[in-house]
>>> print(open('upload-v9.pdb').read())   # PDB, C-alpha atoms and all ligand atoms
MODEL        1
ATOM      1  CA  MET R 254      -8.886  -7.546 -62.436
ATOM      2  CA  SER R 255      -9.070  -5.375 -59.308
ATOM      3  CA  GLU R 256      -6.015  -4.181 -57.508
ATOM      4  CA  LEU R 257      -4.387  -6.656 -55.123
ATOM      5  CA  LEU R 258      -4.456  -4.990 -51.713
ATOM      6  CA  LEU R 259      -3.635  -7.686 -49.231
ATOM      7  CA  ASP R 260      -1.292 -10.537 -50.056
ATOM      8  CA  ALA R 261      -0.412 -13.044 -47.342
ATOM      9  CA  VAL R 262       2.224 -15.535 -48.379
ATOM     10  CA  ASP R 263       2.948 -18.850 -46.732
ATOM     11  CA  LEU R 264       1.956 -17.976 -43.167
ATOM     12  CA  THR R 265       2.542 -20.388 -40.344
ATOM     13  CA  LYS R 266       1.327 -19.996 -36.792
ATOM     14  CA  HIS R 267       2.278 -22.350 -33.991
ATOM     15  CA  TYR R 268       0.601 -22.421 -30.601
ATOM     16  CA  GLY R 269       2.984 -24.669 -28.727
ATOM     17  CA  SER R 270       2.815 -27.925 -30.628
ATOM     18  CA  VAL R 271      -0.414 -26.987 -32.454
ATOM     19  CA  GLU R 272       0.086 -25.759 -36.019
ATOM     20  CA  ALA R 273      -2.943 -23.559 -36.616
ATOM     21  CA  LEU R 274      -1.558 -22.277 -39.945
ATOM     22  CA  ARG R 275       0.687 -24.440 -42.081
ATOM     23  CA  GLY R 276       1.807 -22.282 -44.968
ATOM     24  CA  ALA R 277      -1.472 -20.460 -45.581
ATOM     25  CA  SER R 278      -1.680 -17.898 -48.354
ATOM     26  CA  PHE R 279      -4.513 -15.450 -48.860
ATOM     27  CA  GLN R 280      -5.324 -12.534 -51.150
ATOM     28  CA  ALA R 281      -7.916  -9.776 -51.052
ATOM     29  CA  ARG R 282      -8.594  -7.198 -53.725
ATOM     30  CA  ALA R 283      -9.927  -3.637 -53.686
ATOM     31  CA  GLY R 284     -13.666  -3.326 -54.328
ATOM     32  CA  GLU R 285     -14.330  -7.038 -53.893
ATOM     33  CA  VAL R 286     -15.843  -9.253 -51.229
ATOM     34  CA  THR R 287     -13.524 -12.201 -50.639
ATOM     35  CA  ALA R 288     -15.064 -14.981 -48.587
ATOM     36  CA  LEU R 289     -12.750 -16.995 -46.373
ATOM     37  CA  ILE R 290     -14.286 -20.372 -45.719
ATOM     38  CA  GLY R 291     -13.259 -23.667 -44.180
ATOM     39  CA  ASP R 292     -14.456 -26.290 -41.765
ATOM     40  CA  ASN R 293     -14.237 -25.828 -37.988
ATOM     41  CA  GLY R 294     -10.599 -25.584 -36.946
ATOM     42  CA  ALA R 295      -9.331 -24.914 -40.497
ATOM     43  CA  GLY R 296      -7.492 -21.823 -39.266
ATOM     44  CA  LYS R 297      -9.782 -18.982 -40.413
ATOM     45  CA  SER R 298      -9.807 -17.077 -37.117
ATOM     46  CA  THR R 299      -6.063 -17.525 -36.695
ATOM     47  CA  LEU R 300      -5.453 -16.185 -40.199
ATOM     48  CA  VAL R 301      -7.684 -13.169 -39.567
ATOM     49  CA  LYS R 302      -5.923 -12.517 -36.260
ATOM     50  CA  CYS R 303      -2.558 -12.567 -38.032
ATOM     51  CA  LEU R 304      -3.832 -10.237 -40.759
ATOM     52  CA  SER R 305      -5.407  -7.763 -38.340
ATOM     53  CA  GLY R 306      -2.511  -7.510 -35.898
ATOM     54  CA  ALA R 307      -4.121  -9.426 -33.028
ATOM     55  CA  GLU R 308      -1.533 -12.220 -33.365
ATOM     56  CA  GLN R 309       1.797 -12.460 -35.142
ATOM     57  CA  PRO R 310       2.526 -15.287 -37.555
ATOM     58  CA  THR R 311       5.419 -17.599 -36.708
ATOM     59  CA  SER R 312       6.696 -17.200 -40.271
ATOM     60  CA  GLY R 313       5.565 -15.912 -43.653
ATOM     61  CA  LYS R 314       5.051 -12.544 -45.298
ATOM     62  CA  ILE R 315       2.208 -10.020 -45.379
ATOM     63  CA  LEU R 316       2.113  -7.412 -48.137
ATOM     64  CA  LEU R 317      -0.243  -4.460 -48.164
ATOM     65  CA  ASP R 318      -0.352  -2.562 -51.450
ATOM     66  CA  GLY R 319       2.770  -4.410 -52.523
ATOM     67  CA  THR R 320       4.828  -3.430 -49.477
ATOM     68  CA  GLU R 321       5.726  -5.865 -46.714
ATOM     69  CA  VAL R 322       4.130  -4.900 -43.388
ATOM     70  CA  HIS R 323       4.639  -6.092 -39.828
ATOM     71  CA  LEU R 324       1.327  -5.970 -38.014
ATOM     72  CA  ASP R 325       2.599  -6.030 -34.468
ATOM     73  CA  SER R 326      -0.699  -4.875 -32.925
ATOM     74  CA  PRO R 327      -4.301  -4.104 -33.904
ATOM     75  CA  THR R 328      -3.387  -0.415 -33.569
ATOM     76  CA  THR R 329      -0.695  -0.783 -36.232
ATOM     77  CA  ALA R 330      -3.154  -2.601 -38.501
ATOM     78  CA  ARG R 331      -5.782   0.104 -37.991
ATOM     79  CA  ARG R 332      -3.238   2.815 -38.728
ATOM     80  CA  LEU R 333      -2.594   1.074 -42.046
ATOM     81  CA  GLY R 334      -6.320   1.024 -42.888
ATOM     82  CA  ILE R 335      -7.244  -2.497 -41.737
ATOM     83  CA  GLU R 336     -10.346  -2.845 -39.554
ATOM     84  CA  THR R 337     -12.055  -5.895 -38.063
ATOM     85  CA  VAL R 338     -15.666  -6.543 -37.068
ATOM     86  CA  TYR R 339     -15.758  -9.374 -34.574
ATOM     87  CA  GLN R 340     -18.519 -11.900 -34.096
ATOM     88  CA  ASP R 341     -18.967 -10.886 -30.459
ATOM     89  CA  LEU R 342     -19.881  -7.305 -31.388
ATOM     90  CA  ALA R 343     -17.501  -4.959 -29.673
ATOM     91  CA  VAL R 344     -20.057  -2.184 -29.239
ATOM     92  CA  ALA R 345     -20.694  -0.221 -26.054
ATOM     93  CA  PRO R 346     -24.361  -0.980 -25.272
ATOM     94  CA  GLU R 347     -24.923   2.040 -23.019
ATOM     95  CA  LEU R 348     -23.773   4.565 -25.650
ATOM     96  CA  ASP R 349     -25.825   5.842 -28.592
ATOM     97  CA  PRO R 350     -25.001   4.856 -32.208
ATOM     98  CA  ALA R 351     -23.024   8.056 -32.904
ATOM     99  CA  ALA R 352     -20.857   7.583 -29.811
ATOM    100  CA  ASN R 353     -20.260   3.984 -30.857
ATOM    101  CA  LEU R 354     -19.184   5.080 -34.309
ATOM    102  CA  PHE R 355     -16.537   7.343 -32.765
ATOM    103  CA  LEU R 356     -15.545   5.004 -29.935
ATOM    104  CA  GLY R 357     -11.832   5.495 -29.285
ATOM    105  CA  ARG R 358     -11.652   8.216 -31.970
ATOM    106  CA  GLU R 359     -13.841  10.891 -30.413
ATOM    107  CA  ILE R 360     -13.949  14.424 -31.792
ATOM    108  CA  HIS R 361     -13.100  17.021 -29.161
ATOM    109  CA  ARG R 362     -14.492  20.525 -28.997
ATOM    110  CA  LYS R 363     -12.351  23.313 -30.302
ATOM    111  CA  GLY R 364     -10.276  25.478 -27.980
ATOM    112  CA  ILE R 365      -9.793  25.169 -24.277
ATOM    113  CA  LEU R 366     -12.887  23.004 -23.683
ATOM    114  CA  GLY R 367     -11.568  20.431 -26.122
ATOM    115  CA  LYS R 368      -8.194  20.492 -24.432
ATOM    116  CA  LEU R 369      -9.995  19.814 -21.166
ATOM    117  CA  GLY R 370     -11.436  16.693 -22.758
ATOM    118  CA  MET R 371     -14.897  17.968 -23.704
ATOM    119  CA  LEU R 372     -16.360  16.081 -26.656
ATOM    120  CA  ASP R 373     -18.096  17.674 -29.639
ATOM    121  CA  LYS R 374     -21.191  15.493 -29.470
ATOM    122  CA  ALA R 375     -23.171  17.566 -31.981
ATOM    123  CA  GLU R 376     -20.448  17.217 -34.631
ATOM    124  CA  MET R 377     -20.080  13.492 -33.986
ATOM    125  CA  ARG R 378     -23.830  13.034 -34.304
ATOM    126  CA  ARG R 379     -23.950  15.075 -37.518
ATOM    127  CA  GLN R 380     -21.172  13.008 -39.104
ATOM    128  CA  ALA R 381     -22.659   9.758 -37.822
ATOM    129  CA  VAL R 382     -26.085  10.501 -39.336
ATOM    130  CA  GLU R 383     -24.386  11.307 -42.644
ATOM    131  CA  GLU R 384     -22.400   8.049 -42.603
ATOM    132  CA  PHE R 385     -25.429   5.942 -41.644
ATOM    133  CA  GLN R 386     -27.369   7.495 -44.512
ATOM    134  CA  ARG R 387     -24.566   6.916 -46.971
ATOM    135  CA  LEU R 388     -24.305   3.260 -45.980
ATOM    136  CA  GLY R 389     -28.064   2.714 -45.886
ATOM    137  CA  VAL R 390     -28.157   1.960 -42.167
ATOM    138  CA  THR R 391     -31.666   2.843 -41.037
ATOM    139  CA  LEU R 392     -32.199   3.540 -37.363
ATOM    140  CA  GLN R 393     -35.474   4.843 -35.916
ATOM    141  CA  SER R 394     -33.535   6.948 -33.471
ATOM    142  CA  THR R 395     -29.911   7.912 -33.082
ATOM    143  CA  ASP R 396     -30.468   9.111 -29.501
ATOM    144  CA  VAL R 397     -31.025   5.797 -27.757
ATOM    145  CA  PRO R 398     -28.413   3.487 -26.230
ATOM    146  CA  ILE R 399     -27.314   0.941 -28.795
ATOM    147  CA  GLY R 400     -28.230  -1.833 -26.360
ATOM    148  CA  SER R 401     -31.906  -1.085 -26.992
ATOM    149  CA  LEU R 402     -31.647  -1.583 -30.784
ATOM    150  CA  SER R 403     -32.296  -4.863 -32.582
ATOM    151  CA  GLY R 404     -29.442  -7.302 -33.235
ATOM    152  CA  GLY R 405     -29.382  -6.382 -36.914
ATOM    153  CA  GLN R 406     -29.261  -2.669 -36.218
ATOM    154  CA  ARG R 407     -26.459  -3.155 -33.710
ATOM    155  CA  GLN R 408     -24.533  -5.260 -36.179
ATOM    156  CA  SER R 409     -25.081  -2.667 -38.923
ATOM    157  CA  VAL R 410     -23.630   0.013 -36.636
ATOM    158  CA  ALA R 411     -20.616  -2.233 -35.897
ATOM    159  CA  VAL R 412     -20.109  -2.805 -39.621
ATOM    160  CA  ALA R 413     -20.553   0.923 -40.342
ATOM    161  CA  ARG R 414     -17.968   1.789 -37.718
ATOM    162  CA  SER R 415     -15.311  -0.444 -39.256
ATOM    163  CA  VAL R 416     -16.106   0.943 -42.664
ATOM    164  CA  VAL R 417     -15.934   4.566 -41.682
ATOM    165  CA  TRP R 418     -12.395   4.049 -40.424
ATOM    166  CA  ALA R 419     -11.081   1.442 -42.832
ATOM    167  CA  SER R 420      -9.312   2.745 -45.893
ATOM    168  CA  LYS R 421      -8.102  -0.586 -47.260
ATOM    169  CA  VAL R 422      -9.366  -3.822 -45.736
ATOM    170  CA  VAL R 423     -12.267  -4.843 -43.493
ATOM    171  CA  PHE R 424     -12.428  -8.301 -41.936
ATOM    172  CA  MET R 425     -15.892  -9.444 -40.937
ATOM    173  CA  ASP R 426     -16.008 -12.555 -38.819
ATOM    174  CA  GLU R 427     -19.498 -14.097 -39.144
ATOM    175  CA  PRO R 428     -21.185 -10.670 -39.274
ATOM    176  CA  THR R 429     -24.647 -12.097 -39.790
ATOM    177  CA  ALA R 430     -24.512 -14.974 -37.310
ATOM    178  CA  ALA R 431     -27.545 -14.956 -35.023
ATOM    179  CA  LEU R 432     -29.510 -12.573 -37.228
ATOM    180  CA  GLY R 433     -32.959 -13.112 -38.728
ATOM    181  CA  VAL R 434     -33.513 -13.169 -42.481
ATOM    182  CA  VAL R 435     -34.444  -9.496 -42.877
ATOM    183  CA  GLN R 436     -31.664  -8.256 -40.639
ATOM    184  CA  ARG R 437     -29.174 -10.497 -42.385
ATOM    185  CA  GLU R 438     -30.123  -8.988 -45.746
ATOM    186  CA  ARG R 439     -29.688  -5.534 -44.311
ATOM    187  CA  VAL R 440     -26.168  -6.261 -43.083
ATOM    188  CA  LEU R 441     -25.312  -7.863 -46.431
ATOM    189  CA  ASP R 442     -26.500  -4.680 -48.184
ATOM    190  CA  VAL R 443     -24.168  -2.636 -45.989
ATOM    191  CA  ILE R 444     -21.321  -5.014 -46.868
ATOM    192  CA  LYS R 445     -22.003  -4.492 -50.586
ATOM    193  CA  LYS R 446     -21.953  -0.724 -50.125
ATOM    194  CA  VAL R 447     -18.583  -1.018 -48.388
ATOM    195  CA  ARG R 448     -17.204  -3.044 -51.259
ATOM    196  CA  ASP R 449     -18.517  -0.443 -53.694
ATOM    197  CA  LYS R 450     -16.420   2.171 -51.865
ATOM    198  CA  GLY R 451     -13.353   0.303 -53.138
ATOM    199  CA  ILE R 452     -12.495  -1.416 -49.877
ATOM    200  CA  ALA R 453     -11.386  -5.051 -49.785
ATOM    201  CA  VAL R 454     -13.999  -6.854 -47.687
ATOM    202  CA  VAL R 455     -13.076 -10.231 -46.219
ATOM    203  CA  LEU R 456     -16.083 -12.216 -45.084
ATOM    204  CA  ILE R 457     -15.617 -15.217 -42.825
ATOM    205  CA  SER R 458     -18.774 -17.284 -42.961
ATOM    206  CA  HIS R 459     -20.107 -20.801 -42.499
ATOM    207  CA  ASN R 460     -23.240 -19.863 -44.403
ATOM    208  CA  MET R 461     -22.660 -21.085 -47.963
ATOM    209  CA  PRO R 462     -25.760 -19.544 -49.608
ATOM    210  CA  GLU R 463     -24.685 -16.214 -48.119
ATOM    211  CA  VAL R 464     -21.139 -16.694 -49.426
ATOM    212  CA  LEU R 465     -22.455 -17.488 -52.892
ATOM    213  CA  SER R 466     -24.788 -14.495 -52.875
ATOM    214  CA  VAL R 467     -22.295 -11.842 -51.801
ATOM    215  CA  ALA R 468     -18.725 -12.990 -52.525
ATOM    216  CA  ASP R 469     -16.808 -11.994 -55.651
ATOM    217  CA  ARG R 470     -14.132 -14.534 -54.748
ATOM    218  CA  VAL R 471     -13.849 -17.423 -52.344
ATOM    219  CA  GLU R 472     -10.673 -18.762 -50.730
ATOM    220  CA  VAL R 473     -10.856 -22.102 -48.941
ATOM    221  CA  LEU R 474      -8.702 -23.069 -45.959
ATOM    222  CA  ARG R 475      -8.266 -26.629 -44.830
ATOM    223  CA  LEU R 476      -5.961 -27.837 -42.059
ATOM    224  CA  GLY R 477      -4.152 -24.501 -41.910
ATOM    225  CA  LYS R 478      -3.535 -24.162 -45.644
ATOM    226  CA  ARG R 479      -5.326 -22.661 -48.628
ATOM    227  CA  VAL R 480      -6.557 -25.542 -50.756
ATOM    228  CA  ALA R 481      -8.736 -23.825 -53.363
ATOM    229  CA  ARG R 482      -9.876 -20.500 -54.817
ATOM    230  CA  PHE R 483     -13.038 -19.689 -56.718
ATOM    231  CA  THR R 484     -14.465 -16.712 -58.583
ATOM    232  CA  GLY R 485     -17.963 -15.778 -57.433
ATOM    233  CA  SER R 486     -20.247 -16.095 -60.412
ATOM    234  CA  ASP R 487     -19.138 -19.557 -61.594
ATOM    235  CA  THR R 488     -18.896 -21.136 -58.144
ATOM    236  CA  LYS R 489     -21.121 -24.026 -57.139
ATOM    237  CA  LEU R 490     -22.048 -25.053 -53.633
ATOM    238  CA  GLU R 491     -20.786 -28.611 -54.275
ATOM    239  CA  ASP R 492     -17.331 -27.274 -55.197
ATOM    240  CA  LEU R 493     -17.084 -25.265 -51.992
ATOM    241  CA  VAL R 494     -18.106 -28.242 -49.897
ATOM    242  CA  ALA R 495     -15.702 -30.541 -51.771
ATOM    243  CA  ALA R 496     -12.816 -28.129 -51.143
ATOM    244  CA  MET R 497     -13.669 -27.755 -47.456
ATOM    245  CA  THR R 498     -13.857 -31.488 -46.880
ATOM    246  CA  GLY R 499     -10.689 -32.292 -48.817
ATOM    247  CA  ALA R 500     -12.409 -34.034 -51.746
ATOM    248  CA  LEU R 501     -11.163 -31.255 -54.049
ATOM    249  CA  VAL R 502      -7.620 -29.856 -53.786
ATOM    250  CA  GLN R 503      -6.499 -27.197 -56.283
ATOM    251  CA  GLU R 504      -3.369 -26.026 -54.539
ATOM    252  CA  GLU R 505      -0.614 -27.914 -52.845
ATOM    253  CA  ALA R 506       1.535 -26.249 -50.203
ATOM    254  CA  ALA R 507       3.043 -23.015 -51.465
TER     255      ALA R 507
HETATM  256  N1  LIG B 601      -4.749 -19.775 -28.810
HETATM  257  C1  LIG B 601      -4.667 -21.030 -29.271
HETATM  258  N2  LIG B 601      -3.969 -21.979 -28.610
HETATM  259  C2  LIG B 601      -3.868 -23.241 -29.081
HETATM  260  N3  LIG B 601      -4.473 -23.671 -30.203
HETATM  261  C3  LIG B 601      -5.188 -22.784 -30.899
HETATM  262  C4  LIG B 601      -5.337 -21.421 -30.489
HETATM  263  N4  LIG B 601      -6.111 -20.778 -31.384
HETATM  264  C5  LIG B 601      -6.435 -21.699 -32.319
HETATM  265  N5  LIG B 601      -5.895 -22.894 -32.022
HETATM  266  C6  LIG B 601      -6.021 -24.130 -32.829
HETATM  267  O1  LIG B 601      -5.706 -23.823 -34.162
HETATM  268  C7  LIG B 601      -6.575 -24.489 -35.061
HETATM  269  C8  LIG B 601      -7.278 -23.474 -35.941
HETATM  270  O2  LIG B 601      -8.220 -22.745 -35.166
HETATM  271  P1  LIG B 601      -9.080 -21.529 -35.706
HETATM  272  O3  LIG B 601      -9.873 -20.999 -34.572
HETATM  273  O4  LIG B 601      -8.180 -20.579 -36.426
HETATM  274  O5  LIG B 601     -10.034 -22.235 -36.768
HETATM  275  P2  LIG B 601     -11.356 -21.693 -37.476
HETATM  276  O6  LIG B 601     -11.252 -22.100 -38.900
HETATM  277  O7  LIG B 601     -11.537 -20.262 -37.178
HETATM  278  O8  LIG B 601     -12.477 -22.568 -36.769
HETATM  279  P3  LIG B 601     -14.046 -22.236 -36.462
HETATM  280  O9  LIG B 601     -14.746 -22.245 -37.761
HETATM  281  O10 LIG B 601     -14.423 -23.402 -35.623
HETATM  282  O11 LIG B 601     -14.088 -20.935 -35.740
HETATM  283  C9  LIG B 601      -7.504 -25.331 -34.202
HETATM  284  O12 LIG B 601      -6.986 -26.632 -34.151
HETATM  285  C10 LIG B 601      -7.449 -24.662 -32.865
HETATM  286  O13 LIG B 601      -7.674 -25.579 -31.837
ENDMDL
END
>>> encode(input="upload-v9.pdb", output="structure tokens", more="lines below")
Ligand SMILES: Nc1ncnc2c1ncn2[C@@H]1O[C@H](COP(=O)(O)OP(=O)(O)OP(=O)(O)O)[C@@H](O)[C@H]1O
Amino acid sequence: MSELLLDAVDLTKHYGSVEALRGASFQARAGEVTALIGDNGAGKSTLVKCLSGAEQPTSGKILLDGTEVHLDSPTTARRLGIETVYQDLAVAPELDPAANLFLGREIHRKGILGKLGMLDKAEMRRQAVEEFQRLGVTLQSTDVPIGSLSGGQRQSVAVARSVVWASKVVFMDEPTAALGVVQRERVLDVIKKVRDKGIAVVLISHNMPEVLSVADRVEVLRLGKRVARFTGSDTKLEDLVAAMTGALVQEEAA
């Protein structure tokens, strides 16, 4: 069994009187794609926000590599090797793919020019091309603003960016939503390459065939709690649906 990287135990999250998480547990392992599924309002986004530092749980424990962590901001989470790719694509459309890859983590030129804030664009481009090649992201040109690329290419760059910086966990919230079949396959290929690097990939998706095709494990949330877990190869679509709708419950509250 692969190494347990992320272990969330009994998380609750209250928004006023709304209980978005009611004792949710979740685990992700190195070198595996774990799908996080559940019906609308099950608490998936809230859980991901708590595990990526965007929100803090009301109670519960988060362990990374066996050590309890307090993710008080996305910056803290990133420092610990946790990256997130959001549905709404946080790319800068006017910048080229290399600049997007280094957004917020730019390489400065050496010496006085660097100290004056001058960026080493050639080095960033060289490293970006290398990373895109390694991850199988094919772009006709790396010199054009990312806004002029196709949706799939933009999404691949967003995925690549999270991967380049993540050392432990990458959350991907509906990374293939709004993509055509070919582009979707391309992004899924990038996701598999990320997993093969030994990173724990967490895929939030409503697309069950996609979940079945790419996930090594599936964890199901319902009404703010994990209700079932499955291992990829022996999982059936009917079981996933049954768990999401409440017809099948494997786990009671932790
Ligand atoms: N900021 C907030 N304030 C109040 N309630 C919230 C907030 N965020 C989420 N909720 C509530 O918490 C519950 C879980 O929402 P969440 O967005 O985590 O579900 P989800 O599984 O991601 O749903 P979807 O698949 O529709 O995106 C919902 O009832 C939602 O209305």
>>> residues_around(input="upload-v9.pdb", residues="Thr391 of chain R", least_positions_apart="3", cutoff="8 Å", atoms="all atoms listed in the file", output="PyMOL selection string")
chain R and resi 385-386+406
>>> closest_residue(input="upload-v9.pdb", among="R:Val397, R:Asp487, R:Gly404, R:Lys314", to="Val435 of chain R", atoms="only C-alpha atoms")
R:Gly404
>>> closest_residue(input="upload-v9.pdb", among="R:Arg378, R:His323, R:His459, R:Lys450", to="Asn353 of chain R", atoms="only C-alpha atoms")
R:Arg378
>>> axis_aligned_box(input="upload-v9.pdb", around="ligand LIG 601 (chain B)", padding_each_side="4 Å", output="lines of an AutoDock Vina configuration file")
center_x = -9.3
center_y = -23.2
center_z = -33.8
size_x = 18.9
size_y = 14.9
size_z = 18.3
>>> resolve_selection(input="upload-v9.pdb", expression="the PyMOL selection byres (((not hetatm)) within 8 of (chain B and resi 601))", output="PyMOL selection string")
chain R and resi 267-269+271-274+290-300+459+474+476-477
>>> closest_residue(input="upload-v9.pdb", among="R:Ala413, R:Leu392, R:Leu258, R:Ala419", to="Ile335 of chain R", atoms="all atoms listed in the file")
R:Ala419
>>> residues_around(input="upload-v9.pdb", residues="segment 422-428 of chain R", least_positions_apart="5", cutoff="10 Å", atoms="only C-alpha atoms", output="number ranges by chain")
R: 258-259, 281-284, 286-289, 297-298, 301-302, 304-305, 317, 330-331, 333-342, 405, 408-409, 411-412, 415-416, 437, 440-441, 444, 447-448, 451-460
>>> resolve_selection(input="upload-v9.pdb", expression="the PyMOL selection byres (((chain R and resi 465-469) around 8) and not hetatm)", output="PyMOL selection string")
chain R and resi 285-288+441+445+456+461-464+470-471+484-486+488-490
>>> residues_near_point(input="upload-v9.pdb", point="(-26.1, -1.2, -30.3)", cutoff="8 Å", atoms="only C-alpha atoms", output="list in words")
Val344, Ala345, Pro346, Leu348, Asp349, Pro350, Asn353, Pro398, Ile399, Gly400, Ser401, Leu402, Ser403, Gly404, Gln406, Arg407, Gln408, Val410 and Ala411 of chain R
>>> resolve_selection(input="upload-v9.pdb", expression="the PyMOL selection byres (((chain R and resi 311) around 8) and not hetatm)", output="ChimeraX atom specification")
/R:264-267,309-310,312-313
>>> atom_distance(input="upload-v9.pdb", atom1="atom CA of Asp373 of chain R", atom2="atom CA of Ile360 of chain R")
5.7 Å
>>> atom_distance(input="upload-v9.pdb", atom1="atom CA of Gly319 of chain R", atom2="atom CA of Gly306 of chain R")
17.7 Å
>>> atom_distance(input="upload-v9.pdb", atom1="atom CA of Asp318 of chain R", atom2="atom CA of Glu383 of chain R")
29.1 Å
>>> closest_residue(input="upload-v9.pdb", among="R:Asp396, R:Leu388, R:Lys478, R:Arg362", to="Arg439 of chain R", atoms="only C-alpha atoms")
R:Leu388
>>> build_atoms(input="upload-v9.pdb", residues="segment 478-491 of chain R", atoms="N, CA and C atoms", output="PDB file, in the coordinates of the input")
ATOM      1  N   LYS R 478      -4.114 -24.480 -44.344  1.00  0.00           N
ATOM      2  CA  LYS R 478      -3.535 -24.162 -45.644  1.00  0.00           C
ATOM      3  C   LYS R 478      -4.641 -23.802 -46.635  1.00  0.00           C
ATOM      4  N   ARG R 479      -4.330 -22.914 -47.586  1.00  0.00           N
ATOM      5  CA  ARG R 479      -5.326 -22.661 -48.628  1.00  0.00           C
ATOM      6  C   ARG R 479      -5.314 -23.833 -49.590  1.00  0.00           C
ATOM      7  N   VAL R 480      -6.499 -24.382 -49.865  1.00  0.00           N
ATOM      8  CA  VAL R 480      -6.557 -25.542 -50.756  1.00  0.00           C
ATOM      9  C   VAL R 480      -7.259 -25.237 -52.076  1.00  0.00           C
ATOM     10  N   ALA R 481      -8.033 -24.129 -52.117  1.00  0.00           N
ATOM     11  CA  ALA R 481      -8.736 -23.825 -53.363  1.00  0.00           C
ATOM     12  C   ALA R 481      -9.167 -22.366 -53.389  1.00  0.00           C
ATOM     13  N   ARG R 482      -9.368 -21.857 -54.610  1.00  0.00           N
ATOM     14  CA  ARG R 482      -9.876 -20.500 -54.817  1.00  0.00           C
ATOM     15  C   ARG R 482     -10.931 -20.535 -55.903  1.00  0.00           C
ATOM     16  N   PHE R 483     -11.960 -19.736 -55.724  1.00  0.00           N
ATOM     17  CA  PHE R 483     -13.038 -19.689 -56.718  1.00  0.00           C
ATOM     18  C   PHE R 483     -13.400 -18.244 -57.026  1.00  0.00           C
ATOM     19  N   THR R 484     -13.944 -18.030 -58.228  1.00  0.00           N
ATOM     20  CA  THR R 484     -14.465 -16.712 -58.583  1.00  0.00           C
ATOM     21  C   THR R 484     -15.980 -16.797 -58.484  1.00  0.00           C
ATOM     22  N   GLY R 485     -16.553 -15.774 -57.818  1.00  0.00           N
ATOM     23  CA  GLY R 485     -17.963 -15.778 -57.433  1.00  0.00           C
ATOM     24  C   GLY R 485     -18.968 -16.368 -58.397  1.00  0.00           C
ATOM     25  N   SER R 486     -19.096 -15.780 -59.575  1.00  0.00           N
ATOM     26  CA  SER R 486     -20.247 -16.095 -60.412  1.00  0.00           C
ATOM     27  C   SER R 486     -20.278 -17.551 -60.905  1.00  0.00           C
ATOM     28  N   ASP R 487     -19.107 -18.187 -61.069  1.00  0.00           N
ATOM     29  CA  ASP R 487     -19.138 -19.557 -61.594  1.00  0.00           C
ATOM     30  C   ASP R 487     -18.898 -20.608 -60.498  1.00  0.00           C
ATOM     31  N   THR R 488     -19.155 -20.212 -59.249  1.00  0.00           N
ATOM     32  CA  THR R 488     -18.896 -21.136 -58.144  1.00  0.00           C
ATOM     33  C   THR R 488     -20.148 -21.919 -57.786  1.00  0.00           C
ATOM     34  N   LYS R 489     -19.973 -23.214 -57.547  1.00  0.00           N
ATOM     35  CA  LYS R 489     -21.121 -24.026 -57.139  1.00  0.00           C
ATOM     36  C   LYS R 489     -20.944 -24.472 -55.700  1.00  0.00           C
ATOM     37  N   LEU R 490     -22.058 -24.629 -55.031  1.00  0.00           N
ATOM     38  CA  LEU R 490     -22.048 -25.053 -53.633  1.00  0.00           C
ATOM     39  C   LEU R 490     -21.263 -26.357 -53.453  1.00  0.00           C
ATOM     40  N   GLU R 491     -21.467 -27.311 -54.390  1.00  0.00           N
ATOM     41  CA  GLU R 491     -20.786 -28.611 -54.275  1.00  0.00           C
ATOM     42  C   GLU R 491     -19.271 -28.439 -54.295  1.00  0.00           C
TER      43      GLU R 491
END
